[in-house]
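To start, the structure under review is shown below, and the notes come after it.
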6 protein chains.
Amino acid sequence: MVDAFAGYGVATVHEAQARTGVLAVSITPIYAGARIAGSAVTVSVPPADNWMIHVAVEQCHEGDVLVVAPTSPSDAGYFGELLATALQSRGVRGLVIDAGCRDVAELQHMGFPVWSKCVSPFGTVKETLGSVNVGVVCAGQWIEPGDVIVADDDGVVVVPRRKAADVLDACRVRDEKEAVSRKRYQAGELSLDVHGMREQLAASGLTYVDQPPDA
Amino acid sequence: MVDAFAGYGVATVHEAQARTGVLAVSITPIYAGARIAGSAVTVSVPPADNWMIHVAVEQCHEGDVLVVAPTSPSDAGYFGELLATALQSRGVRGLVIDAGCRDVAELQHMGFPVWSKCVSPFGTVKETLGSVNVGVVCAGQWIEPGDVIVADDDGVVVVPRRKAADVLDACRVRDEKEAVSRKRYQAGELSLDVHGMREQLAASGLTYVDQPPDA
Amino acid sequence: MVDAFAGYGVATVHEAQARTGVLAVSITPIYAGARIAGSAVTVSVPPADNWMIHVAVEQCHEGDVLVVAPTSPSDAGYFGELLATALQSRGVRGLVIDAGCRDVAELQHMGFPVWSKCVSPFGTVKETLGSVNVGVVCAGQWIEPGDVIVADDDGVVVVPRRKAADVLDACRVRDEKEAVSRKRYQAGELSLDVHGMREQLAASGLTYVDQPPDA
Amino acid sequence: MVDAFAGYGVATVHEAQARTGVLAVSITPIYAGARIAGSAVTVSVPPADNWMIHVAVEQCHEGDVLVVAPTSPSDAGYFGELLATALQSRGVRGLVIDAGCRDVAELQHMGFPVWSKCVSPFGTVKETLGSVNVGVVCAGQWIEPGDVIVADDDGVVVVPRRKAADVLDACRVRDEKEAVSRKRYQAGELSLDVHGMREQLAASGLTYVDQPPDA
Amino acid sequence: MVDAFAGYGVATVHEAQARTGVLAVSITPIYAGARIAGSAVTVSVPPADNWMIHVAVEQCHEGDVLVVAPTSPSDAGYFGELLATALQSRGVRGLVIDAGCRDVAELQHMGFPVWSKCVSPFGTVKETLGSVNVGVVCAGQWIEPGDVIVADDDGVVVVPRRKAADVLDACRVRDEKEAVSRKRYQAGELSLDVHGMREQLAASGLTYVDQPPDA
Amino acid sequence: MVDAFAGYGVATVHEAQARTGVLAVSITPIYAGARIAGSAVTVSVPPADNWMIHVAVEQCHEGDVLVVAPTSPSDAGYFGELLATALQSRGVRGLVIDAGCRDVAELQHMGFPVWSKCVSPFGTVKETLGSVNVGVVCAGQWIEPGDVIVADDDGVVVVPRRKAADVLDACRVRDEKEAVSRKRYQAGELSLDVHGMREQLAASGLTYVDQPPDA
């Protein structure tokens, strides 16, 4: 079922679950064109310390997405092509990290997509423990292990595991509706008419005034 | 006349009107390579509410650029491919928005350029009125309906409608001057000499000191 | 020797000098794919005034990288294709600037790479002196003329001139080590085993708990 | 009439003109406890250049508020106790500046209130002209000379000159309404009842669910 | 038990629960000198819409702290002295909000403390539902209804309800330890000796070098 | 000589050394009213690790100011009242830190002033070495051990040790000049006249236009 989410964009999934679950807009893809869906393996890491990501690799399986959140804001580059090599060999689909990522040219070359807060060559230490597969707050969203992560050029959204089936249904419905609207818009119809907004607008007090000819 | 502005870059237009009119650098293109000029249709919207954009579509015509400014800062994704489809079918050339935009992959595919504050899948509501074709402050600039908007990879600049003809003339002059400078620079001449800066620099107190051989 | 640094990425160089020298992550390349190494020519400029960059051009030689830092934060576009033309004709490899850059489409077309704080069409004046080839703080790092600058898609790092030979040696060592790790990761080995982390983790108190089957 | 605005807080004035006119929250008072209303004298200044403020002093009169906006973002300290001395001797009530201010201890001692983007000791030059008493965008609002500026601990709001009388009436109405609400809230009544919100909430779909006893 | 937390500072509570639970540093008190502890009543609100806060007031009781988080970043002023009057009459101890607050002078006068992201006169609408007493992410922390909120001049920390007793014990232990250290520091002893750090530092490779007399 | 600097404000010292040396405006005092001057003891610390501050305490003497800079941005609370107690007992005058500080109520009570990037209860670890009394970049300025640090409500400025005597002389000169200007401004004279700016303004092209009576 997780795979089916990749057929919908992040915006659609977010709307389909009542406009919830979007990570902060500070999280952006390191290269354009990737779209993934997967099951979250979560990691809580200390600032500028990536030891726990090494521990997390072993917990990852085919179809997972790694989700990393520092306990205090960090610009450090926690992740690069060596860790990506290890994850890719296990079938992991990508990384979402509320911190920095490095080796971005190599990662694009490998086809391992990352959504991060920044690109940063600054290295991390391996000194302090953290936690794997616990609930974490990542870029403003609460993510539990096994939740569905969908990510594309628009950003990242999390779908709570227990709601995934319902959200997927809602995505289908929304997608079909939008296909109808799209055709009508292409034909020159206005959303004011397609969605019957004119009455509501008038009821809310919208008025039209003529512009003076020289305004 | 508006079309002629597209032949000049944003930087040139800005310089040609005495270094005014540039929108804040937080406004960036969602994809590289677009350059447009058009007549502003302005929209003042509440935070996270895009109802008034739907109203604005009807006011847009061939050659327009839609300019959207929220009344309080918002990261919401006010605009996506459906609204772009509607605008494109009316001949609108692009969107400038001091807020979020989504469906960026689709927008690039459609060739509908957007300059926005962020990419954001976060959806908006349709609850509260705003205003169309009034003066708005967008990313630090005052823009009135009918002003000329020029946008490219460097950013966005607004030219007040009543000054457009003069600014266009000044663009031509500046462009020709720069062509001359470019050739001389390519030939290895220095701007210090091309623009006769050495005397002014000396008058301002510039001194040259020898560097010690090992410094 | 400076040229040899271009064979290593910024992240490697940074690690090879004990995780020092990385410029702030706010400095990003204006286009992807460039990697350069060169000798720093430094410029301290007033906010929104690029006069001193014109003076600096004359001090630049084949293989240099221009490094520009304002004395107070500025979003102005200090640099564009005309100055790039002048620098390119002198063999300068690129620009690092803790301020704005413009004409980014032209710069990419010319193949003149820039790492900057922002893209900005806002023009500068030529009114106030600054300094060329003095120590400057650029994006959080102290840079002296003649230091080695390495820049790629990950960012920018400075190597103090007197340490350059040692750092280059350390880059080679690190690069070879990573090649070995990479192969083992590709073969499915874990960093926990490749680097013998399991004992240290246990000593630090790491424990593994079984997840309930439905968690 | 301008003076009467000082009797109302910034929040009230903003609500009384249909939630418009508030400057960005980045503009804060340098000390707590000041509340002023006055007529705007506007100044457009280059980044890090305060020459035009000196020109503006001569244009200020009793009851004015000086409003300063740079043409590009600047952290420089454009204003200190010497300029405040000059303004205070002319009866100016305060300064609103979308840039830096310095000598804040002295300004508090003098009782000259300033709302600024930052406190900054960084000095400015006197090299480049700007404009006095033209329309300016200051912290996201369009302000024309003669507009009413109201500022207090909550921030700053601008009231367009031609709307001032109507807005003042609306302030009175709002203030009286709030006095009634305040009394009822103090007596323990709920806004749900005071403003009859329960029906609208139910109509919008609000539901109440019992919390499990241990939740 | 909740009350006992107010005897410890936020920093102590945070350390006592293994350095977890601190809200982002962007959340600051609107006035200095308040220190509170209480039980969380949580509210998830749409951007720039405070309708649900009115609903939440009814769910608040003596000893509670209201916690408000928008679903998308907002600078709006969701809360002022009227809502504070209603909450104060119900015995609520304060507000934590990852958005704006207004009427700060009145709130200080009333003695109703608020920790907010900004001070903002910008008003909100009452159009869209949200949720009361659900888990929310507020300023980077996951907060559930009934969790303990502790707030002082240093910021805000959340203690999960089920851990409260243990954390309180750990606070006592830590507090007593610090009292001992404080006395020894006051007497001129060094933490290097008080905590026996010299050996660990040496083991980590710390070396001391003589400074040249003129350095 | 260092003590004499405390008689001048940060703004004056900065101007007296040709507008150099000011730390970024993100560094602010944790309480108002302190003004100090002292000799820098510098500390370079890893992100979120304050071990090296403990080492630095031993290197501090009467009249010093501790200057702490992380090698990568950190919001952690590196410093609180226990370390302040240790420093105060050694005669240290204050702390400047490009990171977080906690226990701000206690620090104000003790009269130990701190200039920091933020207030943060988030704790640090003691795992990784750094350096004491080396050159550091702190908030955008290069600071060497023994440099003079001056800090007040306006911010922080560094004076290189070798220039201290000259800068102090320049402070005296500037201070006397300003006293004369202040008197003339208090008497209602304009800076345009006091400093003879009218001719330069006219030469730069300043023109005065009559405002229409109703503008």
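How things are named: the first chain in the structure tokens is A, the next is B, and so on; residues count from 1 in each chain; ligands count from 1 in the order shown.
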Exercise. Show which residues sit within 12 Å of F:Pro29, as a ChimeraX atom specification. Count only C-alpha atoms, and ignore same-chain residues fewer than 5 positions away.
Key: /D:119 /F:34-36,94-98,100-101,104,107-108,112-119,151-156
Quiz item: Could you pull the residues within 9 Å of stretch 133-138 of chain E, counting only C-alpha atoms, minus those fewer than 5 positions along the same chain, as a list of chain:residue names?
Solution: A:Val137, A:Gly140, A:Gln141, A:Trp142, D:Gln211, E:Leu23, E:Ala24, E:Ala40, E:Val41, E:Thr42, E:Val43, E:Ser44, E:Ala56, E:Gln59, E:Val67, E:Val68, E:Ala69, E:Pro70, E:Thr71, E:Val96, E:Ile97, E:Asp98, E:Ile143, E:Glu144, E:Pro145, E:Gly146
For the residues in the current selection, export N, CA and C atoms as a compact mmCIF listing (two decimals), in the first residue's frame.
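The result, stored in part-v9.txt:
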# COMPACT_ATOMS: atom_id res chain seq x y z
N VAL A 137 10.01 14.52 16.48
CA VAL A 137 9.51 15.69 15.78
C VAL A 137 10.55 16.05 14.72
N GLY A 140 8.84 20.00 12.38
CA GLY A 140 7.51 20.43 12.79
C GLY A 140 6.43 19.37 12.76
N GLN A 141 6.77 18.14 12.38
CA GLN A 141 5.77 17.06 12.38
C GLN A 141 6.19 15.92 13.29
N TRP A 142 5.23 15.33 13.94
CA TRP A 142 5.46 14.15 14.80
C TRP A 142 5.44 12.92 13.90
N GLN D 211 -13.08 12.45 26.73
CA GLN D 211 -11.74 11.91 26.84
C GLN D 211 -11.79 10.68 27.73
N LEU E 23 11.50 23.57 24.23
CA LEU E 23 10.94 24.18 23.02
C LEU E 23 11.99 25.05 22.34
N ALA E 24 11.79 25.32 21.06
CA ALA E 24 12.76 26.11 20.29
C ALA E 24 13.02 27.46 20.95
N ALA E 40 -0.86 20.90 30.62
CA ALA E 40 -1.12 21.42 29.27
C ALA E 40 -2.55 21.18 28.80
N VAL E 41 -3.20 22.23 28.35
CA VAL E 41 -4.38 22.13 27.50
C VAL E 41 -3.90 22.54 26.11
N THR E 42 -4.01 21.66 25.15
CA THR E 42 -3.40 21.91 23.84
C THR E 42 -4.44 22.36 22.81
N VAL E 43 -3.99 23.19 21.88
CA VAL E 43 -4.86 23.69 20.82
C VAL E 43 -4.09 23.69 19.51
N SER E 44 -4.65 23.04 18.51
CA SER E 44 -4.11 23.10 17.15
C SER E 44 -4.96 24.08 16.36
N ALA E 56 -11.22 26.46 23.40
CA ALA E 56 -10.34 25.84 24.40
C ALA E 56 -10.53 26.44 25.79
N GLN E 59 -12.36 24.48 28.17
CA GLN E 59 -11.75 23.22 28.59
C GLN E 59 -10.65 23.43 29.64
N VAL E 67 -1.50 25.73 25.56
CA VAL E 67 -0.43 25.52 24.59
C VAL E 67 -1.05 25.58 23.20
N VAL E 68 -0.61 26.54 22.39
CA VAL E 68 -1.23 26.76 21.08
C VAL E 68 -0.20 26.62 19.97
N ALA E 69 -0.54 25.80 18.97
CA ALA E 69 0.38 25.59 17.85
C ALA E 69 -0.38 25.71 16.54
N PRO E 70 0.07 26.58 15.63
CA PRO E 70 -0.58 26.69 14.32
C PRO E 70 -0.14 25.53 13.42
N THR E 71 -0.98 25.18 12.47
CA THR E 71 -0.66 24.07 11.56
C THR E 71 0.31 24.50 10.46
N VAL E 96 1.57 29.34 26.22
CA VAL E 96 2.73 29.09 25.36
C VAL E 96 2.18 28.99 23.95
N ILE E 97 2.69 29.83 23.04
CA ILE E 97 2.14 29.86 21.67
C ILE E 97 3.24 30.01 20.64
N ASP E 98 3.23 29.15 19.66
CA ASP E 98 4.24 29.22 18.59
C ASP E 98 3.72 30.13 17.47
N ILE E 143 3.65 17.68 22.33
CA ILE E 143 3.00 17.93 23.63
C ILE E 143 1.61 17.31 23.62
N GLU E 144 1.32 16.52 24.63
CA GLU E 144 -0.01 15.92 24.77
C GLU E 144 -0.75 16.59 25.92
N PRO E 145 -2.08 16.60 25.84
CA PRO E 145 -2.85 17.20 26.93
C PRO E 145 -2.49 16.53 28.26
N GLY E 146 -2.32 17.33 29.29
CA GLY E 146 -1.97 16.79 30.58
C GLY E 146 -0.48 16.70 30.84
Exercise. Considering only C-alpha atoms, return as a ChimeraX atom specification whatever protein or nucleic-acid residues lie within 9 Å of D:Glu58, sequence-local ones (same chain, fewer than 6 positions apart) excluded.
Key: /D:87,90 /F:190,192
Create the file for the chosen residues now, containing N, CA and C atoms and written as a PDB file, in the first residue's frame.
ATOM      1  N   LEU D  87      16.029  65.917  16.694  1.00  0.00           N
ATOM      2  CA  LEU D  87      14.589  65.722  16.461  1.00  0.00           C
ATOM      3  C   LEU D  87      13.771  66.124  17.675  1.00  0.00           C
ATOM      4  N   ARG D  90      12.903  69.587  18.037  1.00  0.00           N
ATOM      5  CA  ARG D  90      11.889  70.069  17.089  1.00  0.00           C
ATOM      6  C   ARG D  90      10.503  69.511  17.405  1.00  0.00           C
TER       7      ARG D  90
ATOM      8  N   LEU F 190      20.816  72.765  13.069  1.00  0.00           N
ATOM      9  CA  LEU F 190      20.679  71.575  12.236  1.00  0.00           C
ATOM     10  C   LEU F 190      22.052  71.021  11.869  1.00  0.00           C
ATOM     11  N   LEU F 192      22.815  69.889   9.126  1.00  0.00           N
ATOM     12  CA  LEU F 192      23.121  70.440   7.802  1.00  0.00           C
ATOM     13  C   LEU F 192      24.027  71.653   7.910  1.00  0.00           C
TER      14      LEU F 192
END
Practice problem: Could you list the residues in chain F lying within 10 Å of chain A, using only C-alpha atoms, and format the result as a PyMOL selection string? | Solution: chain F and resi 46-49+71-76+122-128
Would you mind exporting the chosen residues as a short mmCIF file (atom, residue, chain, number, x, y, z; two decimals), in the first residue's frame, restricted to N, CA and C atoms?
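Okay, result_12.cif is ready:
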data_model
loop_
_atom_site.label_atom_id
_atom_site.label_comp_id
_atom_site.auth_asym_id
_atom_site.auth_seq_id
_atom_site.Cartn_x
_atom_site.Cartn_y
_atom_site.Cartn_z
N PRO F 46 33.18 22.92 20.03
CA PRO F 46 32.35 22.17 19.09
C PRO F 46 30.88 22.56 19.32
N PRO F 47 30.01 22.27 18.30
CA PRO F 47 28.59 22.53 18.53
C PRO F 47 28.04 21.73 19.71
N ALA F 48 27.33 22.42 20.61
CA ALA F 48 26.63 21.79 21.73
C ALA F 48 27.54 21.03 22.69
N ASP F 49 28.75 21.49 22.85
CA ASP F 49 29.72 20.85 23.74
C ASP F 49 30.49 21.96 24.46
N THR F 71 32.23 26.03 16.41
CA THR F 71 32.78 25.80 15.07
C THR F 71 31.68 25.59 14.03
N SER F 72 30.46 25.44 14.48
CA SER F 72 29.30 25.33 13.59
C SER F 72 28.14 25.90 14.39
N PRO F 73 27.17 26.55 13.72
CA PRO F 73 26.12 27.24 14.48
C PRO F 73 25.42 26.34 15.50
N SER F 74 25.21 26.85 16.70
CA SER F 74 24.53 26.09 17.73
C SER F 74 23.65 27.01 18.57
N ASP F 75 22.45 26.50 18.88
CA ASP F 75 21.53 27.20 19.77
C ASP F 75 21.63 26.70 21.21
N ALA F 76 22.56 25.80 21.47
CA ALA F 76 22.61 25.20 22.80
C ALA F 76 22.97 26.24 23.87
N PHE F 122 18.78 24.55 26.54
CA PHE F 122 19.26 23.27 26.02
C PHE F 122 20.70 23.00 26.47
N GLY F 123 20.92 21.86 27.10
CA GLY F 123 22.21 21.55 27.69
C GLY F 123 23.24 21.06 26.69
N THR F 124 24.49 21.11 27.10
CA THR F 124 25.60 20.69 26.25
C THR F 124 26.25 19.44 26.85
N VAL F 125 27.06 18.77 26.02
CA VAL F 125 27.81 17.62 26.51
C VAL F 125 29.26 18.03 26.76
N LYS F 126 30.04 17.10 27.27
CA LYS F 126 31.47 17.32 27.52
C LYS F 126 32.20 16.13 26.93
N GLU F 127 32.34 16.14 25.59
CA GLU F 127 32.86 14.96 24.90
C GLU F 127 34.04 15.26 23.99
N THR F 128 34.09 16.47 23.44
CA THR F 128 35.03 16.73 22.35
C THR F 128 35.86 17.97 22.68
#
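Here the residues within stretch 120-185 of chain E that DSSP labels strand (DSSP E) on the basis of the backbone are Ser131, Val132, Val136, Val137, Cys138, Gln141, Trp142, Ile143, Val148, Ile149, Val150, Ala151, Asp152, Gly155, Val156, Val157, Val158 and Val159 of chain E.
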Practice problem: Give me every helix (DSSP H, G or I) residue in stretch 43-198 of chain B, going by DSSP on the backbone, as an NGL selection string. | Solution: :B and (51-57 or 81-88 or 104-110 or 161-186 or 191-194 or 197-198)
